[in-house]
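Content type compact mmCIF, C-alpha atoms, from the file structure16.txt:
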```txt
# COMPACT_ATOMS: atom_id res chain seq x y z
CA MET A 1 12.89 15.52 -115.34
CA LYS A 2 11.27 12.38 -113.86
CA THR A 3 7.96 12.68 -112.10
CA SER A 4 7.53 10.22 -109.29
CA VAL A 5 4.22 8.41 -109.22
CA ARG A 6 2.99 7.53 -105.76
CA PRO A 7 1.15 4.24 -105.53
CA ARG A 8 -2.56 4.55 -104.71
CA VAL A 9 -3.31 3.38 -101.19
CA PHE A 10 -6.71 1.91 -100.38
CA PRO A 11 -7.91 2.37 -96.81
CA SER A 12 -8.22 -0.73 -94.69
CA GLY A 13 -9.70 -1.66 -91.35
CA PRO A 14 -13.24 -1.97 -89.99
CA LEU A 15 -14.49 1.41 -91.31
CA ALA A 16 -13.35 0.67 -94.84
CA ALA A 17 -14.96 -2.76 -94.70
CA ALA A 18 -18.26 -1.29 -93.51
CA ALA A 19 -18.24 1.35 -96.25
CA LEU A 20 -17.55 -1.31 -98.86
CA ALA A 21 -20.38 -3.49 -97.61
CA CYS A 22 -22.85 -0.56 -97.71
CA ALA A 23 -21.80 0.45 -101.21
CA ALA A 24 -22.31 -3.07 -102.53
CA ALA A 25 -25.67 -3.81 -100.87
CA PHE A 26 -28.80 -4.52 -102.91
CA ALA A 27 -32.12 -2.75 -102.43
CA ILE A 28 -34.63 -5.03 -100.70
CA PRO A 29 -38.31 -4.58 -101.62
CA HIS A 30 -40.73 -4.05 -98.76
CA ALA A 31 -43.36 -6.72 -98.25
CA GLY A 32 -46.41 -6.92 -96.01
CA HIS A 33 -49.59 -6.04 -97.91
CA ALA A 34 -52.04 -8.74 -98.81
CA GLN A 35 -51.80 -9.94 -102.38
CA SER A 36 -55.27 -9.02 -103.47
CA GLY A 37 -57.06 -10.27 -106.57
CA ASN A 38 -59.44 -7.38 -107.16
CA PHE A 39 -62.32 -8.70 -109.25
CA GLY A 40 -64.11 -5.34 -109.29
CA THR A 41 -67.58 -5.70 -110.79
CA GLU A 42 -66.67 -9.06 -112.35
CA THR A 43 -68.28 -12.19 -110.92
CA PRO A 44 -65.36 -14.55 -110.26
CA SER A 45 -65.83 -18.26 -110.85
CA VAL A 46 -65.38 -20.82 -108.10
CA ASN A 47 -62.03 -21.85 -109.61
CA GLN A 48 -60.81 -18.25 -109.86
CA ILE A 49 -61.53 -17.72 -106.18
CA ILE A 50 -59.82 -20.97 -105.20
CA ASP A 51 -56.73 -20.23 -107.30
CA GLN A 52 -56.34 -16.75 -105.82
CA LEU A 53 -56.80 -17.87 -102.21
CA LYS A 54 -54.50 -20.88 -102.60
CA ALA A 55 -51.62 -18.55 -103.50
CA GLY A 56 -49.38 -18.30 -100.47
CA GLY A 57 -47.77 -14.96 -101.29
CA GLY A 58 -45.18 -13.37 -103.53
CA ASP A 59 -41.91 -14.92 -104.59
CA ASP A 60 -39.12 -14.21 -102.16
CA ALA A 61 -37.03 -11.74 -104.14
CA THR A 62 -34.31 -11.55 -101.48
CA ALA A 63 -33.49 -15.22 -100.90
CA GLY A 64 -29.85 -16.02 -101.53
CA VAL A 65 -28.79 -12.38 -102.05
CA ARG A 66 -25.26 -11.71 -100.85
CA THR A 67 -23.02 -8.64 -100.94
CA ARG A 68 -20.87 -8.40 -104.08
CA ALA A 69 -17.21 -7.38 -104.04
CA LEU A 70 -16.45 -4.16 -105.95
CA ARG A 71 -12.88 -5.02 -106.92
CA PRO A 72 -10.57 -8.04 -106.83
CA GLY A 73 -9.41 -8.83 -103.32
CA ALA A 74 -12.06 -6.70 -101.65
CA SER A 75 -13.77 -9.74 -100.16
CA SER A 76 -10.69 -10.43 -98.07
CA GLN A 77 -11.02 -7.00 -96.43
CA ALA A 78 -14.79 -6.88 -96.03
CA THR A 79 -16.70 -8.66 -93.30
CA ALA A 80 -18.84 -11.41 -94.80
CA MET A 81 -22.46 -10.35 -95.23
CA PRO A 82 -25.00 -12.99 -94.15
CA GLU A 83 -27.82 -14.05 -96.44
CA ALA A 84 -30.74 -11.64 -96.43
CA ALA A 85 -33.64 -12.91 -94.34
CA PRO A 86 -36.61 -14.02 -96.47
CA ALA A 87 -39.37 -11.41 -96.67
CA PRO A 88 -42.58 -12.55 -94.98
CA ALA A 89 -45.12 -13.88 -97.47
CA ALA A 90 -48.08 -11.59 -97.95
CA PRO A 91 -51.41 -13.28 -97.30
CA ALA A 92 -53.54 -14.14 -100.31
CA ALA A 93 -56.76 -12.14 -100.62
CA ILE A 94 -59.60 -11.40 -102.99
CA SER A 95 -61.70 -8.28 -103.26
CA MET A 96 -65.28 -8.68 -104.46
CA GLN A 97 -68.17 -6.28 -104.81
CA ILE A 98 -70.93 -7.85 -102.77
CA GLN A 99 -73.74 -5.33 -103.12
CA PHE A 100 -76.19 -4.28 -100.41
CA ALA A 101 -79.25 -2.10 -100.36
CA PHE A 102 -78.47 1.50 -99.40
CA GLY A 103 -77.71 1.70 -95.67
CA SER A 104 -78.55 -2.00 -95.27
CA ASP A 105 -76.66 -5.16 -94.40
CA GLN A 106 -78.95 -7.32 -96.57
CA ILE A 107 -77.10 -8.84 -99.53
CA ALA A 108 -78.58 -7.66 -102.82
CA GLU A 109 -80.04 -10.24 -105.19
CA SER A 110 -77.65 -8.98 -107.90
CA SER A 111 -74.73 -10.38 -105.83
CA ARG A 112 -76.27 -13.82 -105.30
CA ARG A 113 -74.10 -15.56 -107.89
CA SER A 114 -70.90 -13.95 -106.58
CA ILE A 115 -71.51 -14.98 -102.98
CA ASP A 116 -72.69 -18.46 -104.00
CA ASN A 117 -69.39 -18.94 -105.87
CA LEU A 118 -67.51 -17.65 -102.83
CA ALA A 119 -69.31 -20.12 -100.55
CA ALA A 120 -68.58 -23.03 -102.92
CA ALA A 121 -64.89 -22.05 -103.10
CA LEU A 122 -64.42 -21.74 -99.32
CA ALA A 123 -66.23 -25.04 -98.74
CA SER A 124 -64.13 -26.84 -101.39
CA ASP A 125 -61.56 -29.55 -100.64
CA GLU A 126 -58.80 -27.29 -102.03
CA LEU A 127 -59.37 -24.74 -99.26
CA LYS A 128 -60.47 -27.19 -96.59
CA GLY A 129 -59.09 -26.26 -93.17
CA ARG A 130 -57.94 -22.77 -94.23
CA MET A 131 -58.94 -19.80 -92.06
CA PHE A 132 -60.27 -16.56 -93.56
CA THR A 133 -61.14 -13.03 -92.53
CA VAL A 134 -64.18 -11.37 -94.07
CA ALA A 135 -63.46 -7.64 -94.19
CA GLY A 136 -66.27 -5.22 -94.99
CA HIS A 137 -65.52 -1.88 -96.65
CA THR A 138 -67.76 1.11 -97.35
CA ASP A 139 -67.45 4.20 -99.51
CA GLY A 140 -66.61 7.57 -98.00
CA VAL A 141 -70.16 8.95 -97.90
CA GLY A 142 -71.47 9.60 -94.39
CA SER A 143 -69.78 9.69 -91.01
CA ALA A 144 -66.82 7.45 -90.22
CA ASP A 145 -68.58 5.97 -87.17
CA TYR A 146 -71.72 5.09 -89.12
CA ASN A 147 -69.72 3.52 -91.95
CA MET A 148 -67.58 1.52 -89.52
CA ARG A 149 -70.67 -0.02 -87.89
CA LEU A 150 -72.27 -0.63 -91.29
CA SER A 151 -69.15 -2.38 -92.59
CA GLN A 152 -69.09 -4.61 -89.51
CA ARG A 153 -72.73 -5.58 -90.02
CA ARG A 154 -72.15 -6.27 -93.69
CA ALA A 155 -69.12 -8.48 -92.96
CA ALA A 156 -71.22 -10.38 -90.40
CA SER A 157 -74.02 -10.75 -92.96
CA VAL A 158 -71.61 -12.28 -95.47
CA LYS A 159 -70.28 -14.67 -92.81
CA THR A 160 -73.82 -15.74 -91.91
CA TYR A 161 -74.58 -16.45 -95.57
CA LEU A 162 -71.36 -18.44 -96.03
CA VAL A 163 -72.00 -20.51 -92.90
CA GLY A 164 -75.52 -21.23 -94.15
CA HIS A 165 -73.99 -22.56 -97.37
CA GLY A 166 -71.52 -25.06 -95.97
CA VAL A 167 -68.58 -23.06 -94.61
CA ASP A 168 -67.61 -23.87 -91.01
CA ALA A 169 -68.15 -20.78 -88.82
CA ALA A 170 -64.92 -21.51 -86.92
CA ARG A 171 -62.96 -20.86 -90.13
CA LEU A 172 -64.28 -17.31 -90.50
CA ARG A 173 -63.74 -14.12 -88.57
CA THR A 174 -65.17 -10.72 -89.48
CA VAL A 175 -63.87 -7.19 -89.34
CA GLY A 176 -65.29 -3.86 -90.47
CA LYS A 177 -62.93 -1.37 -92.11
CA GLY A 178 -65.50 1.33 -92.88
CA PRO A 179 -64.04 3.90 -95.29
CA THR A 180 -60.47 3.57 -93.97
CA GLU A 181 -59.09 1.61 -96.96
CA LEU A 182 -60.75 3.10 -100.03
CA LEU A 183 -59.95 1.21 -103.21
CA ASN A 184 -60.41 4.46 -105.14
CA PRO A 185 -59.36 7.29 -102.78
CA ALA A 186 -59.56 9.81 -105.62
CA ASP A 187 -63.33 9.25 -105.67
CA PRO A 188 -64.59 8.33 -102.18
CA ARG A 189 -68.14 7.89 -103.55
CA ALA A 190 -67.09 5.33 -106.18
CA ALA A 191 -68.94 2.01 -106.14
CA GLU A 192 -65.71 -0.01 -106.11
CA ASN A 193 -65.06 1.26 -102.58
CA ARG A 194 -68.13 -0.68 -101.37
CA ARG A 195 -66.73 -4.18 -101.31
CA VAL A 196 -65.97 -7.27 -99.28
CA GLU A 197 -62.43 -8.59 -99.02
CA ILE A 198 -61.65 -12.21 -98.18
CA ILE A 199 -58.19 -12.65 -96.65
CA ALA A 200 -56.49 -16.01 -96.07
CA THR A 201 -55.27 -15.90 -92.46
CA GLY A 202 -53.74 -19.32 -91.93
CA SER A 203 -54.65 -22.97 -91.58
```

What is this file in structure tokens?
Amino acid sequence: MKTSVRPRVFPSGPLAAAALACAAAFAIPHAGHAQSGNFGTETPSVNQIIDQLKAGGGDDATAGVRTRALRPGASSQATAMPEAAPAPAAPAAISMQIQFAFGSDQIAESSRRSIDNLAAALASDELKGRMFTVAGHTDGVGSADYNMRLSQRRAASVKTYLVGHGVDAARLRTVGKGPTELLNPADPRAAENRRVEIIATGS
């Protein structure tokens, strides 16, 4: 007795094409956070600061990615998928621990070398014309309002120092983040949370 074998029929039309395109798509990584060189308690050299802030952002992992066909002939049924749009480059940034006296916006003497190196880097020819944001951060001790005001004063204090050491004031803006972006959220009291971040914001 012969058993008839029915040929396998693949669906066609717009719905099949859409399903095929979805099945063949690549995952696209999310971009948007600043690429931060966190120096922690280390005192970065002038060249280290320049190199980090010259970096424009991460490599575009999605450029040139197209949808792949799953089987021969599928591309003739599927609607062509356009090239993925390039992910926006994350701004370069560095995170440094500029120390202050408790509850004060006066820069501690122990941070003098760090901030001197920062001033020399920002005033260098390599970074000439670049704009930067000085962001002050505090730990999580105390009220949010108090820490926000303190972080603003500390960011302003760093800007004042930088301007006094050759950096054009028009190239710097300040912002206070308070305890809203803890570097070590598991330990809100940790010293690494008390830091200044320098973010490249354009040219």

Which residues of stretch 152-190 of chain A come within 10 Å of stretch 113-136 of chain A, and for each one, what is the closest pair of atoms and their distance in Å to one decimal, counting only C-alpha atoms, sorted by chain and residue number, as JSON lines?
```
{"residue": "A:Gln152", "atom": "CA", "partner": "A:Gly136", "partner_atom": "CA", "distance": 6.2}
{"residue": "A:Arg153", "atom": "CA", "partner": "A:Gly136", "partner_atom": "CA", "distance": 8.2}
{"residue": "A:Arg154", "atom": "CA", "partner": "A:Gly136", "partner_atom": "CA", "distance": 6.1}
{"residue": "A:Ala155", "atom": "CA", "partner": "A:Gly136", "partner_atom": "CA", "distance": 4.8}
{"residue": "A:Ala156", "atom": "CA", "partner": "A:Val134", "partner_atom": "CA", "distance": 8.0}
{"residue": "A:Ser157", "atom": "CA", "partner": "A:Gly136", "partner_atom": "CA", "distance": 9.7}
{"residue": "A:Val158", "atom": "CA", "partner": "A:Val134", "partner_atom": "CA", "distance": 7.6}
{"residue": "A:Lys159", "atom": "CA", "partner": "A:Val134", "partner_atom": "CA", "distance": 7.0}
{"residue": "A:Tyr161", "atom": "CA", "partner": "A:Ala119", "partner_atom": "CA", "distance": 8.1}
{"residue": "A:Leu162", "atom": "CA", "partner": "A:Ala119", "partner_atom": "CA", "distance": 5.2}
{"residue": "A:Val163", "atom": "CA", "partner": "A:Ala119", "partner_atom": "CA", "distance": 8.1}
{"residue": "A:Gly164", "atom": "CA", "partner": "A:Ala119", "partner_atom": "CA", "distance": 9.0}
{"residue": "A:His165", "atom": "CA", "partner": "A:Ala119", "partner_atom": "CA", "distance": 6.2}
{"residue": "A:Gly166", "atom": "CA", "partner": "A:Ala123", "partner_atom": "CA", "distance": 6.0}
{"residue": "A:Val167", "atom": "CA", "partner": "A:Ala123", "partner_atom": "CA", "distance": 5.1}
{"residue": "A:Asp168", "atom": "CA", "partner": "A:Ala123", "partner_atom": "CA", "distance": 7.9}
{"residue": "A:Ala169", "atom": "CA", "partner": "A:Met131", "partner_atom": "CA", "distance": 9.8}
{"residue": "A:Ala170", "atom": "CA", "partner": "A:Met131", "partner_atom": "CA", "distance": 8.1}
{"residue": "A:Arg171", "atom": "CA", "partner": "A:Met131", "partner_atom": "CA", "distance": 4.6}
{"residue": "A:Leu172", "atom": "CA", "partner": "A:Phe132", "partner_atom": "CA", "distance": 5.1}
{"residue": "A:Arg173", "atom": "CA", "partner": "A:Thr133", "partner_atom": "CA", "distance": 4.9}
{"residue": "A:Thr174", "atom": "CA", "partner": "A:Val134", "partner_atom": "CA", "distance": 4.7}
{"residue": "A:Val175", "atom": "CA", "partner": "A:Ala135", "partner_atom": "CA", "distance": 4.9}
{"residue": "A:Gly176", "atom": "CA", "partner": "A:Gly136", "partner_atom": "CA", "distance": 4.8}
{"residue": "A:Lys177", "atom": "CA", "partner": "A:Gly136", "partner_atom": "CA", "distance": 5.9}
{"residue": "A:Gly178", "atom": "CA", "partner": "A:Gly136", "partner_atom": "CA", "distance": 6.9}
{"residue": "A:Pro179", "atom": "CA", "partner": "A:Gly136", "partner_atom": "CA", "distance": 9.4}
```

Nearest-residue call for A:Arg149, choices A:Asn47, A:Thr201, A:Ser104, A:Gln99, using all atoms listed in the file: A:Ser104

Point-to-point distance from atom CA of A:Leu182 to atom CA of A:Gly37, Å rounded to tenths: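 One can read the atom CA of A:Leu182 to atom CA of A:Gly37 distance as 15.3 Å.
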
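Atom CA of A:Asp139 is found 4.9 Å from atom CA of A:Asn193.
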
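A straight line drawn from atom CA of A:Ala186 to atom CA of A:Ile199 is 24.2 Å long.
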
Neighbour list for stretch 38-41 of chain A as an MDAnalysis selection string, cut-off 9 Å, only C-alpha atoms, skip fewer than 5 positions in-chain: chainID A and resid 93:98 192 195 197

Of the listed residues A:Gly103, A:Pro91, A:Pro188, A:Gly140, that which approaches A:Leu53 most closely, counting only C-alpha atoms: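 Using only C-alpha atoms, A:Leu53 sits closest to A:Pro91.
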